[in-house]
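**Q** Here you go, this is structure.cif (mmCIF, C-alpha atoms).
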```
data_final
loop_
_atom_site.label_atom_id
_atom_site.label_comp_id
_atom_site.auth_asym_id
_atom_site.auth_seq_id
_atom_site.Cartn_x
_atom_site.Cartn_y
_atom_site.Cartn_z
CA MET A 1 10.23 -66.30 95.09
CA ALA A 2 6.73 -64.86 94.88
CA PRO A 3 5.94 -62.87 91.71
CA ARG A 4 6.27 -59.11 92.10
CA LYS A 5 3.22 -56.85 92.09
CA GLY A 6 4.02 -55.56 88.59
CA GLU A 7 4.09 -59.10 87.23
CA LEU A 8 0.78 -59.90 88.92
CA THR A 9 -0.85 -56.83 87.37
CA ARG A 10 0.57 -57.65 83.96
CA ASN A 11 -0.72 -61.25 84.20
CA HIS A 12 -4.13 -60.05 85.39
CA ILE A 13 -4.36 -57.73 82.37
CA LEU A 14 -3.27 -60.51 79.98
CA GLN A 15 -5.72 -63.09 81.34
CA THR A 16 -8.68 -60.71 81.47
CA ALA A 17 -7.95 -59.15 78.08
CA ARG A 18 -7.79 -62.64 76.57
CA GLY A 19 -11.35 -63.32 77.73
CA VAL A 20 -12.55 -60.06 76.18
CA LEU A 21 -10.62 -60.53 72.92
CA VAL A 22 -11.71 -64.13 72.37
CA THR A 23 -15.39 -63.17 72.59
CA LYS A 24 -15.41 -59.72 70.98
CA GLY A 25 -12.53 -59.96 68.51
CA PHE A 26 -9.64 -57.50 68.23
CA HIS A 27 -11.24 -54.71 66.19
CA ASN A 28 -14.45 -54.75 68.18
CA THR A 29 -12.61 -54.47 71.51
CA SER A 30 -11.79 -50.95 72.69
CA ILE A 31 -9.17 -49.90 75.20
CA ASN A 32 -12.12 -48.86 77.34
CA ASP A 33 -13.50 -52.44 77.26
CA ILE A 34 -10.13 -53.60 78.61
CA LEU A 35 -10.11 -50.92 81.32
CA VAL A 36 -13.63 -51.84 82.44
CA ALA A 37 -12.92 -55.59 82.42
CA THR A 38 -9.58 -55.35 84.23
CA GLY A 39 -10.41 -52.49 86.60
CA VAL A 40 -6.97 -51.09 85.79
CA LYS A 41 -6.42 -47.32 85.30
CA LYS A 42 -5.57 -46.09 81.81
CA GLY A 43 -2.10 -44.85 82.78
CA ASN A 44 -1.34 -48.17 84.42
CA LEU A 45 -2.46 -50.15 81.34
CA TYR A 46 -0.26 -48.00 79.10
CA TYR A 47 2.64 -48.52 81.51
CA TYR A 48 2.56 -52.24 80.65
CA PHE A 49 1.39 -52.08 77.02
CA SER A 50 2.02 -49.10 74.79
CA SER A 51 -0.91 -49.81 72.41
CA LYS A 52 -3.89 -52.09 71.83
CA GLU A 53 -1.77 -53.91 69.27
CA GLU A 54 1.03 -54.54 71.74
CA LEU A 55 -1.50 -55.85 74.25
CA GLY A 56 -3.18 -58.07 71.62
CA LEU A 57 0.18 -59.51 70.61
CA ALA A 58 1.17 -60.19 74.23
CA VAL A 59 -2.20 -61.90 74.81
CA LEU A 60 -1.60 -64.16 71.78
CA GLU A 61 1.95 -65.04 72.89
CA ASP A 62 0.76 -65.77 76.43
CA ALA A 63 -2.10 -67.92 75.09
CA MET A 64 0.31 -69.80 72.81
CA GLU A 65 2.56 -70.66 75.74
CA GLU A 66 -0.41 -71.84 77.77
CA PHE A 67 -1.81 -73.86 74.85
CA PHE A 68 1.38 -75.85 74.40
CA THR A 69 1.66 -76.51 78.13
CA PHE A 70 -1.95 -77.71 78.04
CA LEU A 71 -1.28 -79.83 74.91
CA ASN A 72 1.86 -81.43 76.35
CA ASN A 73 -0.04 -82.37 79.51
CA ALA A 74 -2.84 -83.83 77.38
CA LEU A 75 -0.51 -85.97 75.25
CA HIS A 76 -0.72 -89.02 77.49
CA GLY A 77 -1.57 -92.57 76.45
CA ASP A 78 -0.09 -95.99 75.78
CA ASP A 79 0.96 -95.27 72.22
CA PRO A 80 1.36 -92.28 69.86
CA ILE A 81 -2.18 -92.57 68.39
CA ALA A 82 -3.73 -92.72 71.87
CA LYS A 83 -1.73 -89.60 72.74
CA ILE A 84 -3.09 -87.74 69.72
CA LEU A 85 -6.68 -88.79 70.37
CA ASN A 86 -6.45 -87.91 74.06
CA SER A 87 -5.11 -84.46 73.25
CA CYS A 88 -7.97 -83.87 70.78
CA ASP A 89 -10.43 -84.96 73.43
CA ALA A 90 -8.83 -82.63 75.99
CA ILE A 91 -9.42 -79.72 73.59
CA LEU A 92 -13.10 -80.70 73.26
CA GLN A 93 -13.48 -80.95 77.06
CA GLU A 94 -11.81 -77.56 77.57
CA LEU A 95 -14.18 -75.90 75.07
CA LYS A 96 -17.19 -77.64 76.65
CA LYS A 97 -16.19 -76.17 80.03
CA ARG A 98 -16.52 -72.72 78.44
CA ASN A 99 -19.72 -73.66 76.56
CA PHE A 100 -17.76 -73.01 73.35
CA VAL A 101 -18.10 -69.25 73.99
CA GLY A 102 -15.32 -67.51 72.10
CA GLY A 103 -14.06 -70.75 70.58
CA CYS A 104 -10.39 -70.79 69.62
CA LEU A 105 -8.51 -67.49 70.03
CA PHE A 106 -5.96 -68.53 67.39
CA GLY A 107 -8.61 -69.51 64.82
CA ASN A 108 -10.59 -66.33 65.43
CA THR A 109 -7.50 -64.16 65.09
CA ALA A 110 -6.39 -66.08 61.98
CA LEU A 111 -9.63 -65.18 60.21
CA GLU A 112 -9.94 -61.65 61.60
CA MET A 113 -6.35 -60.46 61.21
CA SER A 114 -4.36 -62.56 58.76
CA ASP A 115 -4.85 -60.18 55.84
CA SER A 116 -4.11 -57.06 57.86
CA ASN A 117 -1.64 -57.69 60.70
CA GLU A 118 1.60 -59.52 60.04
CA ASN A 119 2.66 -59.56 63.72
CA PHE A 120 -0.50 -61.36 64.79
CA SER A 121 -0.26 -63.74 61.81
CA ARG A 122 3.29 -64.67 62.78
CA VAL A 123 2.18 -65.94 66.21
CA ILE A 124 -0.78 -67.91 64.78
CA ARG A 125 1.49 -69.41 62.12
CA GLN A 126 3.80 -70.53 64.89
CA VAL A 127 0.92 -72.14 66.82
CA PHE A 128 -0.32 -74.07 63.79
CA SER A 129 3.17 -75.09 62.70
CA ILE A 130 4.42 -76.32 66.11
CA TRP A 131 1.13 -78.17 66.62
CA THR A 132 1.33 -79.75 63.13
CA ASP A 133 4.98 -80.76 63.67
CA GLN A 134 4.11 -82.37 66.99
CA LEU A 135 1.26 -84.37 65.44
CA ALA A 136 3.40 -85.36 62.43
CA GLY A 137 6.11 -86.60 64.79
CA LEU A 138 3.64 -88.78 66.70
CA LEU A 139 2.15 -90.13 63.46
CA ALA A 140 5.64 -91.04 62.21
CA GLU A 141 6.32 -92.82 65.50
CA ALA A 142 3.04 -94.73 65.18
CA ARG A 143 3.83 -95.70 61.61
CA GLU A 144 7.26 -96.98 62.59
CA GLU A 145 5.66 -99.15 65.25
CA GLY A 146 3.20 -100.47 62.62
CA GLY A 147 0.33 -98.77 64.42
CA LEU A 148 -0.97 -96.47 61.68
CA PRO A 149 -2.99 -98.04 58.86
CA SER A 150 -3.66 -94.71 57.04
CA ALA A 151 -2.40 -94.31 53.47
CA ILE A 152 -2.32 -90.52 53.98
CA PRO A 153 1.27 -89.22 54.41
CA ASP A 154 2.04 -88.12 58.00
CA ARG A 155 2.43 -84.41 57.29
CA LEU A 156 -0.84 -84.20 55.30
CA LEU A 157 -2.65 -86.14 57.99
CA ALA A 158 -1.22 -83.86 60.70
CA LYS A 159 -2.42 -80.74 58.84
CA THR A 160 -5.81 -82.37 58.32
CA ILE A 161 -6.14 -83.03 62.06
CA VAL A 162 -5.44 -79.36 62.87
CA ALA A 163 -7.81 -78.18 60.09
CA THR A 164 -10.55 -80.57 61.21
CA ILE A 165 -10.34 -79.40 64.82
CA GLU A 166 -10.39 -75.70 63.84
CA GLY A 167 -13.25 -76.26 61.36
CA GLY A 168 -15.07 -78.46 63.88
CA ILE A 169 -14.88 -75.68 66.50
CA MET A 170 -16.31 -73.27 63.91
CA MET A 171 -19.26 -75.58 63.16
CA ALA A 172 -19.89 -76.31 66.84
CA ARG A 173 -19.99 -72.58 67.62
CA VAL A 174 -22.31 -71.60 64.81
CA ASN A 175 -24.63 -74.56 65.44
CA LYS A 176 -24.32 -74.11 69.22
CA ASP A 177 -23.83 -77.88 69.32
CA GLU A 178 -20.65 -79.42 70.68
CA GLU A 179 -21.57 -82.64 68.85
CA ASP A 180 -20.24 -81.10 65.62
CA LEU A 181 -16.70 -81.09 66.98
CA ALA A 182 -17.29 -84.44 68.72
CA ASP A 183 -18.41 -85.95 65.37
CA CYS A 184 -15.26 -84.66 63.66
CA LEU A 185 -13.16 -86.24 66.41
CA ARG A 186 -15.06 -89.53 65.98
CA ALA A 187 -14.19 -89.41 62.27
CA LEU A 188 -10.52 -88.72 63.13
CA ARG A 189 -10.54 -91.70 65.47
CA VAL A 190 -11.64 -94.03 62.63
CA MET A 191 -9.16 -92.36 60.27
CA LEU A 192 -6.37 -93.17 62.74
CA GLY A 193 -7.47 -96.81 62.90
CA ARG A 194 -9.22 -96.81 66.29
CA MET B 195 -36.91 -58.30 30.88
CA ALA B 196 -33.87 -56.25 31.83
CA PRO B 197 -33.41 -55.63 35.57
CA ARG B 198 -34.67 -52.26 36.76
CA LYS B 199 -32.27 -49.53 37.85
CA GLY B 200 -33.18 -50.05 41.53
CA GLU B 201 -32.33 -53.73 41.30
CA LEU B 202 -29.01 -52.93 39.62
CA THR B 203 -28.11 -50.48 42.39
CA ARG B 204 -29.10 -52.97 45.08
CA ASN B 205 -26.98 -55.69 43.44
CA HIS B 206 -24.05 -53.32 43.05
CA ILE B 207 -24.23 -52.49 46.76
CA LEU B 208 -24.48 -56.19 47.73
CA GLN B 209 -21.54 -57.28 45.57
CA THR B 210 -19.28 -54.40 46.60
CA ALA B 211 -20.19 -54.63 50.28
CA ARG B 212 -19.41 -58.35 50.18
CA GLY B 213 -15.86 -57.57 49.05
CA VAL B 214 -15.42 -55.09 51.88
CA LEU B 215 -17.00 -57.32 54.53
CA VAL B 216 -15.03 -60.44 53.61
CA THR B 217 -11.70 -58.60 54.00
CA LYS B 218 -12.44 -56.22 56.90
CA GLY B 219 -15.04 -58.18 58.88
CA PHE B 220 -18.42 -56.84 59.99
CA HIS B 221 -17.45 -54.86 63.10
CA ASN B 222 -14.45 -53.27 61.45
CA THR B 223 -16.48 -52.10 58.43
CA SER B 224 -18.19 -48.72 58.79
CA ILE B 225 -21.13 -47.40 56.78
CA ASN B 226 -18.64 -44.88 55.44
CA ASP B 227 -16.42 -47.71 54.09
CA ILE B 228 -19.46 -49.00 52.21
CA LEU B 229 -20.30 -45.53 50.86
CA VAL B 230 -16.71 -45.01 49.66
CA ALA B 231 -16.46 -48.48 48.07
CA THR B 232 -19.85 -48.34 46.35
CA GLY B 233 -19.88 -44.64 45.43
CA VAL B 234 -23.51 -44.60 46.57
CA LYS B 235 -24.95 -41.65 48.52
CA LYS B 236 -25.89 -42.21 52.16
CA GLY B 237 -29.60 -41.57 51.58
CA ASN B 238 -29.59 -43.99 48.67
CA LEU B 239 -27.88 -46.72 50.72
CA TYR B 240 -30.42 -46.31 53.53
CA TYR B 241 -33.22 -46.48 50.96
CA TYR B 242 -32.18 -50.09 50.22
CA PHE B 243 -30.89 -51.16 53.65
CA SER B 244 -32.12 -49.62 56.87
CA SER B 245 -29.00 -50.50 58.89
CA LYS B 246 -25.52 -52.01 58.65
CA GLU B 247 -26.99 -55.20 60.11
CA GLU B 248 -29.68 -55.41 57.45
CA LEU B 249 -27.04 -54.89 54.76
CA GLY B 250 -24.74 -57.52 56.32
CA LEU B 251 -27.57 -60.02 56.46
CA ALA B 252 -28.55 -59.36 52.83
CA VAL B 253 -24.90 -59.81 51.79
CA LEU B 254 -24.78 -63.17 53.57
CA GLU B 255 -28.04 -64.35 52.00
CA ASP B 256 -26.91 -63.25 48.56
CA ALA B 257 -23.53 -64.98 49.03
CA MET B 258 -25.29 -68.17 50.19
CA GLU B 259 -27.42 -68.27 47.06
CA GLU B 260 -24.35 -67.74 44.89
CA PHE B 261 -22.34 -70.37 46.78
CA PHE B 262 -24.92 -73.08 46.19
CA THR B 263 -25.23 -72.20 42.50
CA PHE B 264 -21.43 -72.40 42.30
CA LEU B 265 -21.40 -75.70 44.22
CA ASN B 266 -24.12 -77.29 42.07
CA ASN B 267 -22.20 -76.35 38.93
CA ALA B 268 -19.03 -77.82 40.41
CA LEU B 269 -20.64 -81.14 41.34
CA HIS B 270 -19.80 -82.84 38.05
CA GLY B 271 -18.05 -86.17 37.58
CA ASP B 272 -18.61 -89.82 36.68
CA ASP B 273 -19.60 -90.91 40.17
CA PRO B 274 -20.59 -89.36 43.53
CA ILE B 275 -17.04 -89.35 44.93
CA ALA B 276 -15.67 -87.66 41.79
CA LYS B 277 -18.44 -85.05 42.18
CA ILE B 278 -17.41 -84.34 45.78
CA LEU B 279 -13.70 -84.11 44.95
CA ASN B 280 -14.34 -81.86 41.93
CA SER B 281 -16.46 -79.52 44.03
CA CYS B 282 -13.70 -79.31 46.68
CA ASP B 283 -11.18 -78.57 43.96
CA ALA B 284 -13.44 -75.85 42.51
CA ILE B 285 -13.47 -74.15 45.92
CA LEU B 286 -9.65 -74.25 46.02
CA GLN B 287 -9.43 -72.80 42.48
CA GLU B 288 -11.89 -70.03 43.33
CA LEU B 289 -9.88 -69.03 46.41
CA LYS B 290 -6.63 -69.15 44.43
CA LYS B 291 -8.11 -66.72 41.91
CA ARG B 292 -8.56 -64.28 44.79
CA ASN B 293 -5.13 -65.07 46.30
CA PHE B 294 -7.03 -66.31 49.36
CA VAL B 295 -7.65 -62.66 50.36
CA GLY B 296 -10.69 -62.60 52.63
CA GLY B 297 -11.02 -66.39 52.60
CA CYS B 298 -14.52 -67.72 53.27
CA LEU B 299 -17.18 -65.12 54.16
CA PHE B 300 -19.24 -67.76 55.99
CA GLY B 301 -16.30 -69.03 58.05
CA ASN B 302 -15.19 -65.50 58.94
CA THR B 303 -18.70 -64.51 59.97
CA ALA B 304 -19.14 -67.74 61.94
CA LEU B 305 -16.12 -66.88 64.10
CA GLU B 306 -16.77 -63.14 64.32
CA MET B 307 -20.50 -63.13 64.95
CA SER B 308 -21.79 -66.49 66.20
CA ASP B 309 -21.75 -65.48 69.87
CA SER B 310 -23.34 -62.10 69.29
CA ASN B 311 -25.72 -62.08 66.33
CA GLU B 312 -28.38 -64.75 65.99
CA ASN B 313 -29.60 -63.53 62.56
CA PHE B 314 -26.15 -63.88 61.03
CA SER B 315 -25.64 -67.26 62.74
CA ARG B 316 -28.90 -68.55 61.28
CA VAL B 317 -27.70 -67.96 57.69
CA ILE B 318 -24.27 -69.55 58.34
CA ARG B 319 -25.96 -72.53 60.02
CA GLN B 320 -28.08 -72.94 56.90
CA VAL B 321 -24.98 -72.84 54.65
CA PHE B 322 -23.15 -75.49 56.68
CA SER B 323 -26.21 -77.69 57.06
CA ILE B 324 -27.31 -77.67 53.37
CA TRP B 325 -23.69 -78.27 52.32
CA THR B 326 -23.29 -81.14 54.83
CA ASP B 327 -26.61 -82.70 53.72
CA GLN B 328 -25.56 -82.53 50.09
CA LEU B 329 -22.22 -84.24 50.83
CA ALA B 330 -23.88 -86.87 53.04
CA GLY B 331 -26.33 -87.64 50.22
CA LEU B 332 -23.50 -88.16 47.73
CA LEU B 333 -21.56 -90.31 50.20
CA ALA B 334 -24.65 -92.48 50.77
CA GLU B 335 -25.03 -92.86 46.99
CA ALA B 336 -21.36 -93.87 46.66
CA ARG B 337 -21.69 -96.37 49.48
CA GLU B 338 -24.76 -97.96 47.87
CA GLU B 339 -22.82 -98.35 44.63
CA GLY B 340 -19.97 -99.97 46.59
CA GLY B 341 -17.71 -97.02 45.84
CA LEU B 342 -16.88 -95.83 49.36
CA PRO B 343 -14.36 -97.87 51.38
CA SER B 344 -14.45 -95.55 54.44
CA ALA B 345 -15.58 -96.98 57.78
CA ILE B 346 -16.62 -93.47 58.89
CA PRO B 347 -20.43 -93.04 58.85
CA ASP B 348 -21.65 -90.78 55.99
CA ARG B 349 -22.90 -87.93 58.16
CA LEU B 350 -19.69 -87.75 60.24
CA LEU B 351 -17.61 -87.90 57.08
CA ALA B 352 -19.69 -85.12 55.48
CA LYS B 353 -19.21 -82.88 58.54
CA THR B 354 -15.49 -83.69 58.52
CA ILE B 355 -15.20 -82.63 54.85
CA VAL B 356 -16.83 -79.25 55.60
CA ALA B 357 -14.69 -78.79 58.74
CA THR B 358 -11.50 -79.75 56.88
CA ILE B 359 -12.18 -77.27 54.07
CA GLU B 360 -12.99 -74.42 56.49
CA GLY B 361 -9.96 -75.24 58.66
CA GLY B 362 -7.79 -75.68 55.57
CA ILE B 363 -8.80 -72.21 54.32
CA MET B 364 -7.89 -70.81 57.75
CA MET B 365 -4.41 -72.42 57.64
CA ALA B 366 -3.82 -71.38 54.02
CA ARG B 367 -4.69 -67.78 54.87
CA VAL B 368 -2.54 -67.50 57.94
CA ASN B 369 0.40 -69.26 56.27
CA LYS B 370 -0.20 -67.38 53.01
CA ASP B 371 0.25 -70.76 51.33
CA GLU B 372 -2.52 -72.33 49.30
CA GLU B 373 -0.74 -75.69 49.69
CA ASP B 374 -2.23 -76.01 53.17
CA LEU B 375 -5.74 -76.30 51.75
CA ALA B 376 -4.43 -78.36 48.82
CA ASP B 377 -2.79 -80.80 51.30
CA CYS B 378 -6.07 -81.15 53.22
CA LEU B 379 -7.86 -81.92 49.96
CA ARG B 380 -5.18 -84.51 49.09
CA ALA B 381 -5.86 -86.16 52.45
CA LEU B 382 -9.62 -86.09 51.77
CA ARG B 383 -8.99 -87.74 48.40
CA VAL B 384 -7.21 -90.69 50.07
CA MET B 385 -9.89 -90.79 52.78
CA LEU B 386 -12.52 -91.19 50.05
CA GLY B 387 -10.55 -94.04 48.47
CA ARG B 388 -9.04 -92.20 45.48
#
```
Can the structure in the file be given as structure tokens, please?
**A**
Amino acid sequence: MAPRKGELTRNHILQTARGVLVTKGFHNTSINDILVATGVKKGNLYYYFSSKEELGLAVLEDAMEEFFTFLNNALHGDDPIAKILNSCDAILQELKKRNFVGGCLFGNTALEMSDSNENFSRVIRQVFSIWTDQLAGLLAEAREEGGLPSAIPDRLLAKTIVATIEGGIMMARVNKDEEDLADCLRALRVMLGR
Amino acid sequence: MAPRKGELTRNHILQTARGVLVTKGFHNTSINDILVATGVKKGNLYYYFSSKEELGLAVLEDAMEEFFTFLNNALHGDDPIAKILNSCDAILQELKKRNFVGGCLFGNTALEMSDSNENFSRVIRQVFSIWTDQLAGLLAEAREEGGLPSAIPDRLLAKTIVATIEGGIMMARVNKDEEDLADCLRALRVMLGR
């Protein structure tokens, strides 16, 4: 069944608002920015989302769903370590496509909102924790198969991979040089014994 | 010679504004927030800083100077690797003292402003690049002395340390759990052969 018109409008608002929010940040984005970017009338926007916060939260939840679909598709390879490295590389390629503009919506929101908005924090926490669990699971698999030489415990290594990618995106954005993230991924590769 | 009154006022504005900016972010901070926090009159504030941007930039430059003084003091230890690990631990302790509120001013500004303000980006770039150079120098020293087992080239490893700390601060803030950064530092410790 084709999606209904209301669903299409809602998705259009979510996708477009995500682009605005990832570049401008939540506080610096006005409802008017969203109206201009989406071409939607004010009354129509408020029909779908009762406040800027509700919209921001829906954007985050939608982006989380898309991120894990993306990540699951990127987790291909002959063994668990290859899967991890391929997924990291897929993240780099995706950011390169966008010239690193905006960077990572979750990382940006984590730093902008984690002291002030518990609802936003909850979604970001979920993103980082599911991602970390997934990596830790693959590392444990690799270790069982004898394919992980690292002396770092799986869970610590999984957190370090997430932290390195988020920090690497930060450096790449501020230096306007994708090689910063690429270098971090090269270091991860050695760390994981490849 | 004791600092003059003007210098004291300027320093008071810089220190207080830093506290506001690190928690609220640049866009979300108004001139009025700064006036309320500092207790300084509008005319007096504009006497020292002609705009919010000029103030923000001065805050960043002041924080950079303080960060490198802090870092140099923290780089103590019997060998280069001990120096690196002690400086990482000093950063963790400093953030713990502040309950991680605000996190890292440079990281926050990198994600909030790097697409939109070249002056701010320039300062953050300088922070990351001096810090990375310093770490790479110590890693090279350690390697010369035979004290670095890592197969990761010095410069990549130095970038990875900076990225891991910045990403670890992000995770600790969003999870409201300092153990996230502590875990990343534990992983770094193993990575550096300790």
**Q** Kindly resolve the PyMOL selection byres ((chain A and resi 87-93) around 12) on the present coordinates and return the residues as an MDAnalysis selection string.
**A** chainID A and resid 67:77 80:86 94:100 103:104 131 134:135 138 161:162 164:166 168:169 172 177:189
**Q** Create the file for the chosen residues now, containing C-alpha atoms and written as a PDB file, in the coordinates of the input.
**A**
```pdb
ATOM      1  CA  PHE A  67      -1.810 -73.860  74.850  1.00  0.00           C
ATOM      2  CA  PHE A  68       1.380 -75.850  74.400  1.00  0.00           C
ATOM      3  CA  THR A  69       1.660 -76.510  78.130  1.00  0.00           C
ATOM      4  CA  PHE A  70      -1.950 -77.710  78.040  1.00  0.00           C
ATOM      5  CA  LEU A  71      -1.280 -79.830  74.910  1.00  0.00           C
ATOM      6  CA  ASN A  72       1.860 -81.430  76.350  1.00  0.00           C
ATOM      7  CA  ASN A  73      -0.040 -82.370  79.510  1.00  0.00           C
ATOM      8  CA  ALA A  74      -2.840 -83.830  77.380  1.00  0.00           C
ATOM      9  CA  LEU A  75      -0.510 -85.970  75.250  1.00  0.00           C
ATOM     10  CA  HIS A  76      -0.720 -89.020  77.490  1.00  0.00           C
ATOM     11  CA  GLY A  77      -1.570 -92.570  76.450  1.00  0.00           C
ATOM     12  CA  PRO A  80       1.360 -92.280  69.860  1.00  0.00           C
ATOM     13  CA  ILE A  81      -2.180 -92.570  68.390  1.00  0.00           C
ATOM     14  CA  ALA A  82      -3.730 -92.720  71.870  1.00  0.00           C
ATOM     15  CA  LYS A  83      -1.730 -89.600  72.740  1.00  0.00           C
ATOM     16  CA  ILE A  84      -3.090 -87.740  69.720  1.00  0.00           C
ATOM     17  CA  LEU A  85      -6.680 -88.790  70.370  1.00  0.00           C
ATOM     18  CA  ASN A  86      -6.450 -87.910  74.060  1.00  0.00           C
ATOM     19  CA  GLU A  94     -11.810 -77.560  77.570  1.00  0.00           C
ATOM     20  CA  LEU A  95     -14.180 -75.900  75.070  1.00  0.00           C
ATOM     21  CA  LYS A  96     -17.190 -77.640  76.650  1.00  0.00           C
ATOM     22  CA  LYS A  97     -16.190 -76.170  80.030  1.00  0.00           C
ATOM     23  CA  ARG A  98     -16.520 -72.720  78.440  1.00  0.00           C
ATOM     24  CA  ASN A  99     -19.720 -73.660  76.560  1.00  0.00           C
ATOM     25  CA  PHE A 100     -17.760 -73.010  73.350  1.00  0.00           C
ATOM     26  CA  GLY A 103     -14.060 -70.750  70.580  1.00  0.00           C
ATOM     27  CA  CYS A 104     -10.390 -70.790  69.620  1.00  0.00           C
ATOM     28  CA  TRP A 131       1.130 -78.170  66.620  1.00  0.00           C
ATOM     29  CA  GLN A 134       4.110 -82.370  66.990  1.00  0.00           C
ATOM     30  CA  LEU A 135       1.260 -84.370  65.440  1.00  0.00           C
ATOM     31  CA  LEU A 138       3.640 -88.780  66.700  1.00  0.00           C
ATOM     32  CA  ILE A 161      -6.140 -83.030  62.060  1.00  0.00           C
ATOM     33  CA  VAL A 162      -5.440 -79.360  62.870  1.00  0.00           C
ATOM     34  CA  THR A 164     -10.550 -80.570  61.210  1.00  0.00           C
ATOM     35  CA  ILE A 165     -10.340 -79.400  64.820  1.00  0.00           C
ATOM     36  CA  GLU A 166     -10.390 -75.700  63.840  1.00  0.00           C
ATOM     37  CA  GLY A 168     -15.070 -78.460  63.880  1.00  0.00           C
ATOM     38  CA  ILE A 169     -14.880 -75.680  66.500  1.00  0.00           C
ATOM     39  CA  ALA A 172     -19.890 -76.310  66.840  1.00  0.00           C
ATOM     40  CA  ASP A 177     -23.830 -77.880  69.320  1.00  0.00           C
ATOM     41  CA  GLU A 178     -20.650 -79.420  70.680  1.00  0.00           C
ATOM     42  CA  GLU A 179     -21.570 -82.640  68.850  1.00  0.00           C
ATOM     43  CA  ASP A 180     -20.240 -81.100  65.620  1.00  0.00           C
ATOM     44  CA  LEU A 181     -16.700 -81.090  66.980  1.00  0.00           C
ATOM     45  CA  ALA A 182     -17.290 -84.440  68.720  1.00  0.00           C
ATOM     46  CA  ASP A 183     -18.410 -85.950  65.370  1.00  0.00           C
ATOM     47  CA  CYS A 184     -15.260 -84.660  63.660  1.00  0.00           C
ATOM     48  CA  LEU A 185     -13.160 -86.240  66.410  1.00  0.00           C
ATOM     49  CA  ARG A 186     -15.060 -89.530  65.980  1.00  0.00           C
ATOM     50  CA  ALA A 187     -14.190 -89.410  62.270  1.00  0.00           C
ATOM     51  CA  LEU A 188     -10.520 -88.720  63.130  1.00  0.00           C
ATOM     52  CA  ARG A 189     -10.540 -91.700  65.470  1.00  0.00           C
TER      53      ARG A 189
END
```
**Q** Within 10 Å of Glu255 (chain B), counting all atoms listed in the file, which residues show up once you throw out same-chain ones fewer than 6 positions away? Write them as an MDAnalysis selection string, please.
**A** chainID B and resid 208 249 261 314 317:318 320:321
**Q** Would you mind listing, as a list of chain:residue names, all residues of chain A that have at least one atom within 6 Å of chain B, where only C-alpha atoms are what counts?
**A**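 Here is what falls inside 6 Å: A:His27, A:Asn28, A:Asn108, A:Ala110, A:Leu111, A:Ser114, A:Ser121, A:Arg125, A:Ile152, A:Leu156, A:Thr160, A:Ala163, A:Thr164, A:Glu166, A:Gly167, A:Gly168, A:Val174, A:Asn175, A:Asp183, A:Cys184, A:Ala187.
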**Q** Just how far from CA of Glu248 (chain B) is CA of Arg212 (chain B), in Å to one decimal?
**A**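 Pair CA of Arg212 (chain B) / CA of Glu248 (chain B) returns 12.9 Å.
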**Q** Mind giving me the straight-line distance from CA of Glu66 (chain A) to CA of Thr38 (chain A) in Å, one decimal?
**A** 19.9 Å
**Q** Out of A:Ile34, A:Leu148, A:Leu139, A:Ala63, which residue has the shortest atom-to-atom distance to Phe106 (chain A) when counting all atoms listed in the file?
**A**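 Nearest to Phe106 (chain A): A:Ala63.
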